[in-house]
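Quick notes on the structure that follows.
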Amino acid sequence: MKKQVKVVAAIIENDQQEILCALRSPEMSIPNRWEFPGGKVEANEDIYSALEREIDEELSCKIATFKEVFNGFIHEYETFIIDLISIKCRIVEGTPTPSEHSKLIWLKRENLDSLKWAPADIPAVKQLIQEK
Ligand SMILES: Nc1nc2c([nH]c(=O)n2[C@H]2C[C@H](O)[C@@H](COP(=O)(O)OP(=O)(O)OP(=O)(O)O)O2)c(=O)[nH]1
């Protein structure tokens with residue numbers, strides 16, 4: 001049976017209504033695809049604290065999360081099943097600086113579909129494009 005992992009992803013919007021997009025590096029799983037930064041929720045961790053921890057580790061900055069899920073989607077990859085939970089956030093301290101990702105870019109909603117997203121992210125991307 002495939003393992004199911006619970007992953008939280010940050011939809012970080014800046015004052016110019018742009019969204020932070022992160023490119024997975026060639027060394028990561030699902031290489032060279034764009035995603036919303038984040039990672040796996042650990043046992044006994046709530047989704048919001050998990051996201052704050054992941055963003056601190058991956059991007060060296062602090063976020064505040066909206067305490068609601070923007071989009072939840074279960075996607076079956078070849079080797080595992082992902083329960084991807086996307087949550088809107090804003091930066092409260094520091095500037096996002098990549099440590100694992102190849103690149104970070106800020107994009108207006110209408111340009112989000114120009115990127116090659118990780119398959120599990122597509123519903124969240126579509127919802128973002130449609131919401132305004
Ligand atoms: N952070 C994040 N991960 C995503 C997204 N979409 C998506 O399919 N994923 C996948 C990629 C990874 O397999 C997994 C997240 O794991 P992770 O970012 O903690 O990476 P990891 O190094 O612990 O995982 P792995 O490479 O060992 O599989 O979810 C997304 O938008 N954000």
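Quick note on naming: the chains in the structure tokens go A, B, ... in the order shown, residues restart at 1 in each chain, and ligands are numbered from 1 in order of appearance.
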Contact check, segment 8-84 of chain A to segment 111-117 of chain A, at most 8 Å, counting only C-alpha atoms, closest pairs as a tab-separated table:
```
residue	atom	partner	partner_atom	distance
A:Arg33	CA	A:Trp117	CA	5.2
A:Trp34	CA	A:Trp117	CA	4.4
A:Glu35	CA	A:Trp117	CA	6.0
```
Taking the DSSP assignment computed from this structure's backbone, write out as a short mmCIF file (atom, residue, chain, number, x, y, z; two decimals) with C-alpha atoms, in the first residue's frame all residues of segment 8-121 of chain A that belong to helix (DSSP H, G or I).
```cif
data_model
loop_
_atom_site.label_atom_id
_atom_site.label_comp_id
_atom_site.auth_asym_id
_atom_site.auth_seq_id
_atom_site.Cartn_x
_atom_site.Cartn_y
_atom_site.Cartn_z
CA ILE A 47 -0.85 22.19 10.57
CA TYR A 48 -0.25 25.89 11.34
CA SER A 49 2.76 25.29 13.61
CA ALA A 50 4.14 22.81 11.06
CA LEU A 51 3.94 25.47 8.35
CA GLU A 52 5.59 28.13 10.51
CA ARG A 53 8.41 25.69 11.31
CA GLU A 54 8.90 24.60 7.68
CA ILE A 55 9.04 28.18 6.38
CA ASP A 56 11.55 29.15 9.05
CA GLU A 57 13.71 26.13 8.10
CA GLU A 58 13.38 26.47 4.31
CA LEU A 59 13.20 30.21 3.77
CA ARG A 109 -2.23 35.48 -9.78
CA GLU A 110 -2.97 35.70 -13.48
CA ASN A 111 0.57 34.54 -14.32
CA LEU A 112 0.63 31.52 -12.01
CA ASP A 113 -0.36 29.12 -14.75
CA SER A 114 2.78 29.96 -16.75
CA PRO A 119 0.78 17.96 -10.00
CA ALA A 120 -0.74 18.07 -6.51
CA ASP A 121 -0.64 21.91 -6.51
#
```
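The shortest atom-to-atom distance to Cys61 of chain A, with only C-alpha atoms taken into account, belongs to A:Ile12 out of A:Leu128, A:Ile12, A:Glu27, A:Asp83.
Residues in contact with ligand 1 (atom pairs separated by at most 7 Å; only C-alpha atoms and all ligand atoms) are Val7, Val8, Ala9, Met28, Ser29, Ile30, Glu35, Phe36, Pro37, Gly38, Gly39, Lys40, Ile82, Leu84, Ala118, Pro119, Ala120 and Asp121 of chain A.
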Export of prior selection with N, CA and C atoms as an mmCIF file, in the first residue's frame:
```
data_model
loop_
_atom_site.group_PDB
_atom_site.id
_atom_site.type_symbol
_atom_site.label_atom_id
_atom_site.label_comp_id
_atom_site.auth_asym_id
_atom_site.auth_seq_id
_atom_site.Cartn_x
_atom_site.Cartn_y
_atom_site.Cartn_z
ATOM 1 N N VAL A 7 1.075 17.100 3.949
ATOM 2 C CA VAL A 7 2.019 18.185 3.637
ATOM 3 C C VAL A 7 1.291 19.524 3.711
ATOM 4 N N VAL A 8 1.919 20.500 4.354
ATOM 5 C CA VAL A 8 1.347 21.848 4.395
ATOM 6 C C VAL A 8 2.137 22.757 3.458
ATOM 7 N N ALA A 9 1.441 23.644 2.770
ATOM 8 C CA ALA A 9 2.076 24.531 1.797
ATOM 9 C C ALA A 9 1.608 25.960 2.048
ATOM 10 N N MET A 28 15.854 17.440 -5.283
ATOM 11 C CA MET A 28 14.673 17.131 -4.460
ATOM 12 C C MET A 28 13.787 16.106 -5.183
ATOM 13 N N SER A 29 12.856 15.493 -4.423
ATOM 14 C CA SER A 29 11.838 14.675 -5.078
ATOM 15 C C SER A 29 10.954 15.617 -5.903
ATOM 16 N N ILE A 30 10.254 15.086 -6.898
ATOM 17 C CA ILE A 30 9.464 15.921 -7.817
ATOM 18 C C ILE A 30 10.329 17.115 -8.274
ATOM 19 N N GLU A 35 6.287 24.875 -6.644
ATOM 20 C CA GLU A 35 5.407 24.525 -5.524
ATOM 21 C C GLU A 35 5.249 25.743 -4.620
ATOM 22 N N PHE A 36 4.373 25.588 -3.639
ATOM 23 C CA PHE A 36 4.295 26.550 -2.547
ATOM 24 C C PHE A 36 5.173 25.968 -1.439
ATOM 25 N N PRO A 37 6.073 26.768 -0.889
ATOM 26 C CA PRO A 37 7.005 26.206 0.096
ATOM 27 C C PRO A 37 6.281 25.623 1.303
ATOM 28 N N GLY A 38 6.905 24.646 1.918
ATOM 29 C CA GLY A 38 6.285 23.975 3.067
ATOM 30 C C GLY A 38 6.911 22.617 3.266
ATOM 31 N N GLY A 39 6.153 21.689 3.812
ATOM 32 C CA GLY A 39 6.702 20.345 4.009
ATOM 33 C C GLY A 39 5.790 19.488 4.853
ATOM 34 N N LYS A 40 6.358 18.361 5.276
ATOM 35 C CA LYS A 40 5.539 17.358 5.970
ATOM 36 C C LYS A 40 5.191 17.777 7.395
ATOM 37 N N ILE A 82 -0.299 12.051 -1.476
ATOM 38 C CA ILE A 82 -0.107 13.302 -0.726
ATOM 39 C C ILE A 82 -1.457 13.910 -0.364
ATOM 40 N N LEU A 84 -2.342 17.342 0.445
ATOM 41 C CA LEU A 84 -1.721 18.676 0.390
ATOM 42 C C LEU A 84 -2.683 19.729 0.920
ATOM 43 N N ALA A 118 4.051 21.274 -9.468
ATOM 44 C CA ALA A 118 3.921 19.888 -8.992
ATOM 45 C C ALA A 118 2.454 19.510 -9.188
ATOM 46 N N PRO A 119 2.166 18.310 -9.678
ATOM 47 C CA PRO A 119 0.782 17.957 -10.001
ATOM 48 C C PRO A 119 -0.210 18.188 -8.860
ATOM 49 N N ALA A 120 0.194 17.936 -7.642
ATOM 50 C CA ALA A 120 -0.739 18.073 -6.507
ATOM 51 C C ALA A 120 -1.147 19.529 -6.262
ATOM 52 N N ASP A 121 -0.384 20.484 -6.786
ATOM 53 C CA ASP A 121 -0.643 21.908 -6.514
ATOM 54 C C ASP A 121 -1.680 22.530 -7.450
#
```
(request) Pick out the closest residue to Lys126 of chain A from this set: A:Ile85, A:Val5, A:Asn71, A:Pro98. Count only C-alpha atoms. (result) A:Asn71
(request) Would you work out the distance separating atom CA of Pro123 of chain A from atom CA of Gly72 of chain A, expressed in Å to one decimal? (result) 8.6 Å
(message) Please determine, counting only C-alpha atoms, which residue among A:Ser25, A:Thr79, A:Asn14, A:Asn44 has the shortest atom-to-atom distance to Pro96 of chain A.
(response) A:Asn14
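The interatomic distance for the pair atom CA of Ile129 of chain A and atom CA of Ile19 of chain A works out to 10.7 Å.
Distance annotation: of A:Leu23, A:Phe73, A:Asp46, A:Glu68, the residue with the minimal separation from Gln127 of chain A is A:Phe73; atom set is only C-alpha atoms.
The closest residue to Ile105 of chain A, picked from A:Lys88, A:Lys67, A:Cys21, A:Asn32 and counting only C-alpha atoms, is A:Cys21.
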(request) Could you pull out the residues in chain A that DSSP calls strand (DSSP E or B) from the backbone, as JSON, numbers by chain? (result) {"A": [3, 4, 5, 6, 7, 8, 9, 10, 11, 12, 13, 18, 19, 20, 21, 22, 23, 34, 35, 38, 39, 40, 62, 63, 64, 65, 71, 72, 73, 74, 75, 76, 80, 81, 82, 83, 84, 85, 86, 87, 88, 89, 90, 91, 92, 93, 103, 104, 105, 106, 107, 108, 117]}
(request) Could you tell me how far atom CA of Lys103 of chain A lies from atom CA of Glu18 of chain A, in Å and to one decimal? (result) 15.6 Å
